[in-house]
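Below is my_file38.tsv, holding TSV, C-alpha atoms.
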```tsv
chain	number	residue	atom	x	y	z
A	1	MET	CA	90.25	146.34	87.64
A	2	ILE	CA	90.92	143.57	90.20
A	3	LYS	CA	94.30	141.86	90.01
A	4	LYS	CA	94.28	138.11	89.49
A	5	PRO	CA	95.79	137.17	92.91
A	6	THR	CA	93.21	139.35	94.69
A	7	LEU	CA	90.40	137.81	92.66
A	8	TYR	CA	91.58	134.31	93.56
A	9	ILE	CA	91.71	135.21	97.26
A	10	VAL	CA	88.21	136.69	97.15
A	11	LEU	CA	86.87	133.64	95.31
A	12	PHE	CA	88.61	131.29	97.77
A	13	LEU	CA	87.13	133.12	100.76
A	14	LEU	CA	83.69	133.20	99.19
A	15	ILE	CA	83.76	129.49	98.40
A	16	SER	CA	85.10	128.70	101.89
A	17	PHE	CA	82.35	130.76	103.52
A	18	LEU	CA	79.61	129.19	101.44
A	19	GLY	CA	81.00	125.71	102.06
A	20	SER	CA	81.10	126.22	105.82
A	21	ALA	CA	77.47	127.35	105.84
A	22	GLN	CA	76.46	123.83	104.83
A	23	PRO	CA	75.31	121.97	107.93
A	24	THR	CA	76.84	118.64	108.81
A	25	ILE	CA	75.88	116.27	111.58
A	26	LYS	CA	79.39	116.41	113.01
A	27	LYS	CA	79.40	120.23	113.15
A	28	LEU	CA	75.95	120.43	114.71
A	29	LEU	CA	76.75	117.86	117.39
A	30	LYS	CA	80.03	119.55	118.22
A	31	LYS	CA	78.25	122.91	118.53
A	32	ASN	CA	75.16	121.76	120.45
A	33	ASN	CA	76.22	118.80	122.59
A	34	THR	CA	78.48	118.47	125.61
A	35	GLU	CA	78.90	114.68	125.27
A	36	SER	CA	77.41	114.30	128.74
A	37	VAL	CA	75.86	111.08	127.44
A	38	THR	CA	78.31	108.65	125.86
A	39	TYR	CA	77.87	108.25	122.12
A	40	ILE	CA	77.34	104.92	120.44
A	41	SER	CA	77.93	104.60	116.71
A	42	VAL	CA	75.46	103.15	114.24
A	43	ASP	CA	77.86	100.25	113.59
A	44	SER	CA	78.16	99.47	117.31
A	45	LEU	CA	74.39	99.58	117.76
A	46	LEU	CA	73.99	97.04	114.97
A	47	THR	CA	75.97	94.50	117.05
A	48	LYS	CA	73.90	95.00	120.21
A	49	LYS	CA	71.33	92.58	121.57
A	50	ASN	CA	68.87	93.17	124.40
A	51	VAL	CA	68.98	96.95	124.38
A	52	VAL	CA	66.07	99.30	124.85
A	53	LEU	CA	65.79	101.92	122.11
A	54	LEU	CA	64.09	105.16	123.13
A	55	ASP	CA	63.08	107.51	120.33
A	56	THR	CA	63.12	111.03	121.76
A	57	ARG	CA	61.49	112.67	118.76
A	58	GLU	CA	57.87	113.69	118.75
A	59	GLU	CA	55.11	111.21	117.96
A	60	ILE	CA	54.49	112.63	114.46
A	61	GLU	CA	58.15	111.97	113.58
A	62	PHE	CA	58.07	108.50	115.15
A	63	ASN	CA	54.89	107.55	113.25
A	64	ILE	CA	56.50	108.39	109.90
A	65	SER	CA	59.58	106.32	110.68
A	66	HIS	CA	61.61	104.90	113.51
A	67	ILE	CA	64.18	102.23	114.24
A	68	LYS	CA	62.60	98.80	114.71
A	69	ASN	CA	61.41	98.07	118.27
A	70	ALA	CA	62.02	101.63	119.46
A	71	ILE	CA	59.72	103.14	122.06
A	72	CYS	CA	58.56	106.71	121.48
A	73	VAL	CA	59.13	108.79	124.61
A	74	GLY	CA	59.03	112.20	122.93
A	75	TYR	CA	60.88	115.34	123.86
A	76	ASP	CA	58.54	118.26	124.55
A	77	PHE	CA	56.27	116.12	126.72
A	78	PHE	CA	58.85	113.61	127.98
A	79	ASP	CA	57.72	112.01	131.24
A	80	ILE	CA	60.43	110.27	133.26
A	81	ASN	CA	57.75	108.48	135.30
A	82	LYS	CA	56.55	106.59	132.22
A	83	VAL	CA	60.10	105.40	131.58
A	84	THR	CA	60.78	104.38	135.17
A	85	SER	CA	57.52	102.42	135.31
A	86	GLU	CA	58.41	100.54	132.09
A	87	ILE	CA	62.17	100.12	132.65
A	88	GLN	CA	62.61	99.23	136.29
A	89	ASN	CA	66.13	97.78	136.08
A	90	LYS	CA	68.39	100.85	136.24
A	91	ASP	CA	71.29	98.85	134.70
A	92	THR	CA	69.37	98.14	131.48
A	93	GLU	CA	71.29	99.22	128.39
A	94	ILE	CA	69.33	102.12	126.93
A	95	ILE	CA	70.09	103.78	123.61
A	96	VAL	CA	68.43	107.16	123.08
A	97	TYR	CA	68.13	108.72	119.66
A	98	CYS	CA	66.47	111.60	117.85
A	99	SER	CA	67.09	113.12	114.43
A	100	ILE	CA	70.84	113.64	114.92
A	101	GLY	CA	71.53	113.35	118.65
A	102	ILE	CA	70.84	116.74	120.22
A	103	ARG	CA	67.42	116.16	121.79
A	104	SER	CA	68.40	112.64	122.76
A	105	GLU	CA	71.36	113.96	124.76
A	106	ASP	CA	68.91	116.02	126.84
A	107	ILE	CA	66.70	113.00	127.46
A	108	GLY	CA	69.75	110.84	128.19
A	109	GLU	CA	70.80	113.33	130.88
A	110	LYS	CA	67.36	113.02	132.48
A	111	LEU	CA	67.64	109.23	132.47
A	112	ILE	CA	71.08	109.38	134.08
A	113	SER	CA	69.75	111.82	136.70
A	114	ALA	CA	66.98	109.30	137.43
A	115	GLY	CA	69.63	106.67	138.21
A	116	TYR	CA	70.02	104.78	134.93
A	117	THR	CA	73.62	103.65	134.63
A	118	ASN	CA	73.93	102.39	131.05
A	119	VAL	CA	72.57	105.13	128.77
A	120	LYS	CA	74.10	105.91	125.38
A	121	ASN	CA	73.24	108.45	122.69
A	122	LEU	CA	73.14	107.27	119.05
A	123	TYR	CA	75.67	109.45	117.23
A	124	GLY	CA	73.94	111.07	114.27
A	125	GLY	CA	70.56	109.71	115.31
A	126	ILE	CA	68.08	108.26	112.88
A	127	PHE	CA	69.52	110.47	110.10
A	128	MET	CA	72.90	108.72	110.35
A	129	TRP	CA	71.14	105.37	110.78
A	130	LYS	CA	69.26	105.86	107.51
A	131	ASN	CA	72.22	107.47	105.71
A	132	ASN	CA	74.07	104.20	106.40
A	133	ASN	CA	71.33	102.21	104.59
A	134	ASN	CA	69.71	100.75	107.70
A	135	PRO	CA	65.99	100.01	107.72
A	136	ILE	CA	63.36	102.28	109.20
A	137	TYR	CA	59.74	101.42	109.92
A	138	ASN	CA	56.49	103.35	109.91
A	139	ASN	CA	53.63	103.33	112.40
A	140	ASN	CA	52.34	100.05	110.90
A	141	ASN	CA	55.78	98.45	111.43
A	142	SER	CA	56.27	98.26	107.67
A	143	LEU	CA	59.54	99.20	106.02
A	144	THR	CA	59.54	102.75	104.74
A	145	ASN	CA	61.90	105.14	103.02
A	146	LYS	CA	60.17	108.23	104.45
A	147	LEU	CA	61.96	110.22	107.14
A	148	HIS	CA	60.67	113.28	108.97
A	149	THR	CA	63.32	116.00	108.65
A	150	HIS	CA	61.47	119.05	110.10
A	151	SER	CA	62.50	121.49	107.37
A	152	LYS	CA	64.41	122.01	104.16
A	153	TYR	CA	67.45	123.09	106.24
A	154	TRP	CA	67.53	119.88	108.31
A	155	SER	CA	66.74	117.74	105.27
A	156	LYS	CA	70.22	118.58	103.92
A	157	LEU	CA	71.57	116.17	106.55
A	158	VAL	CA	69.70	113.22	105.04
A	159	THR	CA	71.16	111.60	101.95
A	160	ASN	CA	69.28	108.36	101.68
A	161	ALA	CA	65.53	108.77	102.27
A	162	GLU	CA	62.38	110.47	101.09
A	163	LYS	CA	62.32	113.65	103.17
A	164	ILE	CA	59.10	114.64	104.91
A	165	TYR	CA	58.68	118.02	106.64
```
Would it be possible to restate this file's structure as C-alpha cells?
Amino acid sequence: MIKKPTLYIVLFLLISFLGSAQPTIKKLLKKNNTESVTYISVDSLLTKKNVVLLDTREEIEFNISHIKNAICVGYDFFDINKVTSEIQNKDTEIIVYCSIGIRSEDIGEKLISAGYTNVKNLYGGIFMWKNNNNPIYNNNNSLTNKLHTHSKYWSKLVTNAEKIY
C-alpha cells in the first residue's frame, strides 16, 4: 500500500510532467529561436503604418489565411532575389511572420544578410495574431476564421480560429 504523502508526490510529478508536455508559443520560441531578429509584438504591429509584411509560410497556408496586405515569400522555396527586386530600399521596415515565429526568424536572418536594416519578427506569428482576435484574410481577400495549423499538435497553439491541417 502506498502512503498518502508518497501518493501526493507521485500525482504532483505526474501532473507536472503532463502539464509541461503541452506546447506553448513561448516555450517553442525559447527552444527554437536565437532572437537574431528583433521581435515585434502583435500590439506594436497594430500601431505601425507603412510596413511591408512578409508571410514566410508556404503558399497553401497563405491561401487559407494571412494578415491583410502581406506578401507570401514562402520558406522552402524562399528566393532572396524576388524580395530584393520588389523591396529595393534596404531601410524599409519589414515584418516577417510565419505560424509562430520560427521559420520567419530564418527568413529574417537572410534579409539582414542581404543588407536590410529594419527587419522584425512577429512574436507568436499569425497564431498569436489570431489568438488576439485580429482579422485574417483568405486568398480572395475576404475575412476568414480558418487558419492552417499543420497538424493536431500545432493546432493546440491556436485558441481562436477554425483549425485546418
What lies within 9 Å of Phe127 (chain A) using only C-alpha atoms, ignoring chain neighbours under 6 positions off, as a list of chain:residue names? A:Ile25, A:Cys98, A:Ser99, A:Ile100, A:Leu147, A:Thr149, A:Leu157, A:Val158, A:Thr159, A:Asn160, A:Ala161
With C-alpha atoms retained, export the selected residues as an mmCIF file, in the frame of the given file.
```cif
data_model
loop_
_atom_site.group_PDB
_atom_site.id
_atom_site.type_symbol
_atom_site.label_atom_id
_atom_site.label_comp_id
_atom_site.auth_asym_id
_atom_site.auth_seq_id
_atom_site.Cartn_x
_atom_site.Cartn_y
_atom_site.Cartn_z
ATOM 1 C CA ILE A 25 75.880 116.270 111.580
ATOM 2 C CA CYS A 98 66.470 111.600 117.850
ATOM 3 C CA SER A 99 67.090 113.120 114.430
ATOM 4 C CA ILE A 100 70.840 113.640 114.920
ATOM 5 C CA LEU A 147 61.960 110.220 107.140
ATOM 6 C CA THR A 149 63.320 116.000 108.650
ATOM 7 C CA LEU A 157 71.570 116.170 106.550
ATOM 8 C CA VAL A 158 69.700 113.220 105.040
ATOM 9 C CA THR A 159 71.160 111.600 101.950
ATOM 10 C CA ASN A 160 69.280 108.360 101.680
ATOM 11 C CA ALA A 161 65.530 108.770 102.270
#
```
I'd like the interatomic distance between CA of Asn134 (chain A) and CA of Ile102 (chain A), to a tenth of an Å.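 Calculated distance between CA of Asn134 (chain A) and CA of Ile102 (chain A) is 20.3 Å.
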Quick check, in Å to one decimal: how far apart do CA of Lys146 (chain A) and CA of Ser65 (chain A) lie?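 Rounded to one decimal, the two atoms are 6.5 Å apart.
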With distances taken over all atoms listed in the file, which of A:Leu111, A:Ile71, A:Asn81, A:Asn133 is nearest to Val42 (chain A)?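 Among the listed residues, A:Asn133 lies closest to Val42 (chain A).
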Shell of 9 Å around Ile95 (chain A), only C-alpha atoms, local chain residues under 5 positions omitted, as number ranges by chain: A: 40, 45, 51-55, 108, 118-122
My list of candidates is A:His66, A:Arg57, A:Lys30, A:Arg103. Which is closest to Lys130 (chain A) when distances are computed with only C-alpha atoms?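 Using only C-alpha atoms, Lys130 (chain A) sits closest to A:His66.
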Rank A:Met128, A:Val73, A:Ile60, A:Val83 by their smallest atom-to-atom distance to Ser104 (chain A), using all atoms listed in the file, and report the top residue only.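 Looking only at the distances to Ser104 (chain A), the closest residue turns out to be A:Val73.
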At what distance in Å, to one decimal, does CA of Asp91 (chain A) lie from CA of Tyr116 (chain A)?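 Atom-to-atom, CA of Tyr116 (chain A) and CA of Asp91 (chain A) are spaced 6.1 Å apart.
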From the options A:His150, A:Cys72, A:Tyr123, A:Tyr97, which residue's atoms come nearest to Ser44 (chain A), counting all atoms listed in the file?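 Among the listed residues, the smallest separation from Ser44 (chain A) belongs to A:Tyr123.
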Go through A:Ile64, A:Tyr39, A:Glu105, A:Gly124 one by one, measure the shortest atom-to-atom distance of each to His148 (chain A) using only C-alpha atoms, and give the residue with the smallest value.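 Among the listed residues, A:Ile64 lies closest to His148 (chain A).
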So, with all atoms listed in the file as the atoms that count, which of A:Phe62, A:Phe78, A:Trp129, A:Tyr165 lies closest to Lys110 (chain A)? A:Phe78
Could you list, as a PyMOL selection string, every residue within 10 Å of Pro23 (chain A), counting only C-alpha atoms and ignoring same-chain residues fewer than 5 positions away? chain A and resi 28+153-157
Would you pull region 64-91 of chain A out of the block just shown and save N, CA and C atoms as a PDB file, in the first residue's frame?
```
ATOM      1  N   ILE A  64      -5.042  29.968 -47.375  1.00  0.00           N
ATOM      2  CA  ILE A  64      -6.124  29.736 -46.410  1.00  0.00           C
ATOM      3  C   ILE A  64      -6.342  30.986 -45.574  1.00  0.00           C
ATOM      4  N   SER A  65      -5.245  31.589 -45.108  1.00  0.00           N
ATOM      5  CA  SER A  65      -5.370  32.827 -44.344  1.00  0.00           C
ATOM      6  C   SER A  65      -4.016  33.501 -44.195  1.00  0.00           C
ATOM      7  N   HIS A  66      -4.086  34.811 -44.117  1.00  0.00           N
ATOM      8  CA  HIS A  66      -2.893  35.632 -43.927  1.00  0.00           C
ATOM      9  C   HIS A  66      -3.309  36.974 -43.339  1.00  0.00           C
ATOM     10  N   ILE A  67      -2.326  37.731 -42.902  1.00  0.00           N
ATOM     11  CA  ILE A  67      -2.577  39.081 -42.417  1.00  0.00           C
ATOM     12  C   ILE A  67      -2.750  39.984 -43.637  1.00  0.00           C
ATOM     13  N   LYS A  68      -3.699  40.898 -43.548  1.00  0.00           N
ATOM     14  CA  LYS A  68      -4.026  41.777 -44.679  1.00  0.00           C
ATOM     15  C   LYS A  68      -2.769  42.467 -45.226  1.00  0.00           C
ATOM     16  N   ASN A  69      -2.680  42.482 -46.539  1.00  0.00           N
ATOM     17  CA  ASN A  69      -1.602  43.129 -47.307  1.00  0.00           C
ATOM     18  C   ASN A  69      -0.248  42.432 -47.204  1.00  0.00           C
ATOM     19  N   ALA A  70      -0.210  41.259 -46.614  1.00  0.00           N
ATOM     20  CA  ALA A  70       1.049  40.512 -46.544  1.00  0.00           C
ATOM     21  C   ALA A  70       1.409  39.962 -47.922  1.00  0.00           C
ATOM     22  N   ILE A  71       2.695  39.779 -48.119  1.00  0.00           N
ATOM     23  CA  ILE A  71       3.225  39.198 -49.355  1.00  0.00           C
ATOM     24  C   ILE A  71       3.769  37.814 -49.007  1.00  0.00           C
ATOM     25  N   CYS A  72       3.343  36.816 -49.729  1.00  0.00           N
ATOM     26  CA  CYS A  72       3.820  35.457 -49.484  1.00  0.00           C
ATOM     27  C   CYS A  72       5.194  35.283 -50.128  1.00  0.00           C
ATOM     28  N   VAL A  73       6.191  34.991 -49.290  1.00  0.00           N
ATOM     29  CA  VAL A  73       7.543  34.734 -49.812  1.00  0.00           C
ATOM     30  C   VAL A  73       7.963  33.283 -49.575  1.00  0.00           C
ATOM     31  N   GLY A  74       7.160  32.550 -48.828  1.00  0.00           N
ATOM     32  CA  GLY A  74       7.444  31.144 -48.587  1.00  0.00           C
ATOM     33  C   GLY A  74       8.656  30.902 -47.717  1.00  0.00           C
ATOM     34  N   TYR A  75       8.924  29.634 -47.518  1.00  0.00           N
ATOM     35  CA  TYR A  75      10.066  29.223 -46.701  1.00  0.00           C
ATOM     36  C   TYR A  75      10.943  28.239 -47.458  1.00  0.00           C
ATOM     37  N   ASP A  76      10.360  27.104 -47.835  1.00  0.00           N
ATOM     38  CA  ASP A  76      11.143  26.061 -48.515  1.00  0.00           C
ATOM     39  C   ASP A  76      11.742  26.553 -49.825  1.00  0.00           C
ATOM     40  N   PHE A  77      11.014  27.407 -50.529  1.00  0.00           N
ATOM     41  CA  PHE A  77      11.489  27.892 -51.819  1.00  0.00           C
ATOM     42  C   PHE A  77      11.711  29.407 -51.791  1.00  0.00           C
ATOM     43  N   PHE A  78      12.064  29.931 -50.626  1.00  0.00           N
ATOM     44  CA  PHE A  78      12.325  31.363 -50.486  1.00  0.00           C
ATOM     45  C   PHE A  78      13.424  31.786 -51.456  1.00  0.00           C
ATOM     46  N   ASP A  79      13.191  32.906 -52.141  1.00  0.00           N
ATOM     47  CA  ASP A  79      14.158  33.425 -53.107  1.00  0.00           C
ATOM     48  C   ASP A  79      14.458  34.880 -52.758  1.00  0.00           C
ATOM     49  N   ILE A  80      15.626  35.132 -52.213  1.00  0.00           N
ATOM     50  CA  ILE A  80      16.010  36.488 -51.806  1.00  0.00           C
ATOM     51  C   ILE A  80      15.984  37.453 -52.985  1.00  0.00           C
ATOM     52  N   ASN A  81      16.256  36.964 -54.187  1.00  0.00           N
ATOM     53  CA  ASN A  81      16.257  37.838 -55.372  1.00  0.00           C
ATOM     54  C   ASN A  81      14.878  38.419 -55.656  1.00  0.00           C
ATOM     55  N   LYS A  82      13.827  37.664 -55.392  1.00  0.00           N
ATOM     56  CA  LYS A  82      12.467  38.188 -55.580  1.00  0.00           C
ATOM     57  C   LYS A  82      12.197  39.322 -54.600  1.00  0.00           C
ATOM     58  N   VAL A  83      12.692  39.176 -53.376  1.00  0.00           N
ATOM     59  CA  VAL A  83      12.484  40.216 -52.371  1.00  0.00           C
ATOM     60  C   VAL A  83      13.283  41.466 -52.733  1.00  0.00           C
ATOM     61  N   THR A  84      14.550  41.286 -53.075  1.00  0.00           N
ATOM     62  CA  THR A  84      15.384  42.457 -53.384  1.00  0.00           C
ATOM     63  C   THR A  84      14.899  43.206 -54.629  1.00  0.00           C
ATOM     64  N   SER A  85      14.277  42.488 -55.567  1.00  0.00           N
ATOM     65  CA  SER A  85      13.746  43.182 -56.744  1.00  0.00           C
ATOM     66  C   SER A  85      12.471  43.954 -56.406  1.00  0.00           C
ATOM     67  N   GLU A  86      11.705  43.489 -55.418  1.00  0.00           N
ATOM     68  CA  GLU A  86      10.459  44.173 -55.021  1.00  0.00           C
ATOM     69  C   GLU A  86      10.687  45.233 -53.961  1.00  0.00           C
ATOM     70  N   ILE A  87      11.628  45.002 -53.041  1.00  0.00           N
ATOM     71  CA  ILE A  87      11.895  45.948 -51.955  1.00  0.00           C
ATOM     72  C   ILE A  87      13.329  46.435 -52.122  1.00  0.00           C
ATOM     73  N   GLN A  88      13.474  47.515 -52.842  1.00  0.00           N
ATOM     74  CA  GLN A  88      14.818  47.996 -53.175  1.00  0.00           C
ATOM     75  C   GLN A  88      15.423  48.864 -52.077  1.00  0.00           C
ATOM     76  N   ASN A  89      14.591  49.547 -51.298  1.00  0.00           N
ATOM     77  CA  ASN A  89      15.087  50.378 -50.206  1.00  0.00           C
ATOM     78  C   ASN A  89      15.420  49.476 -49.012  1.00  0.00           C
ATOM     79  N   LYS A  90      16.690  49.334 -48.705  1.00  0.00           N
ATOM     80  CA  LYS A  90      17.142  48.416 -47.653  1.00  0.00           C
ATOM     81  C   LYS A  90      16.778  48.897 -46.250  1.00  0.00           C
ATOM     82  N   ASP A  91      16.287  50.155 -46.125  1.00  0.00           N
ATOM     83  CA  ASP A  91      15.859  50.678 -44.825  1.00  0.00           C
ATOM     84  C   ASP A  91      14.360  50.521 -44.589  1.00  0.00           C
TER      85      ASP A  91
END
```
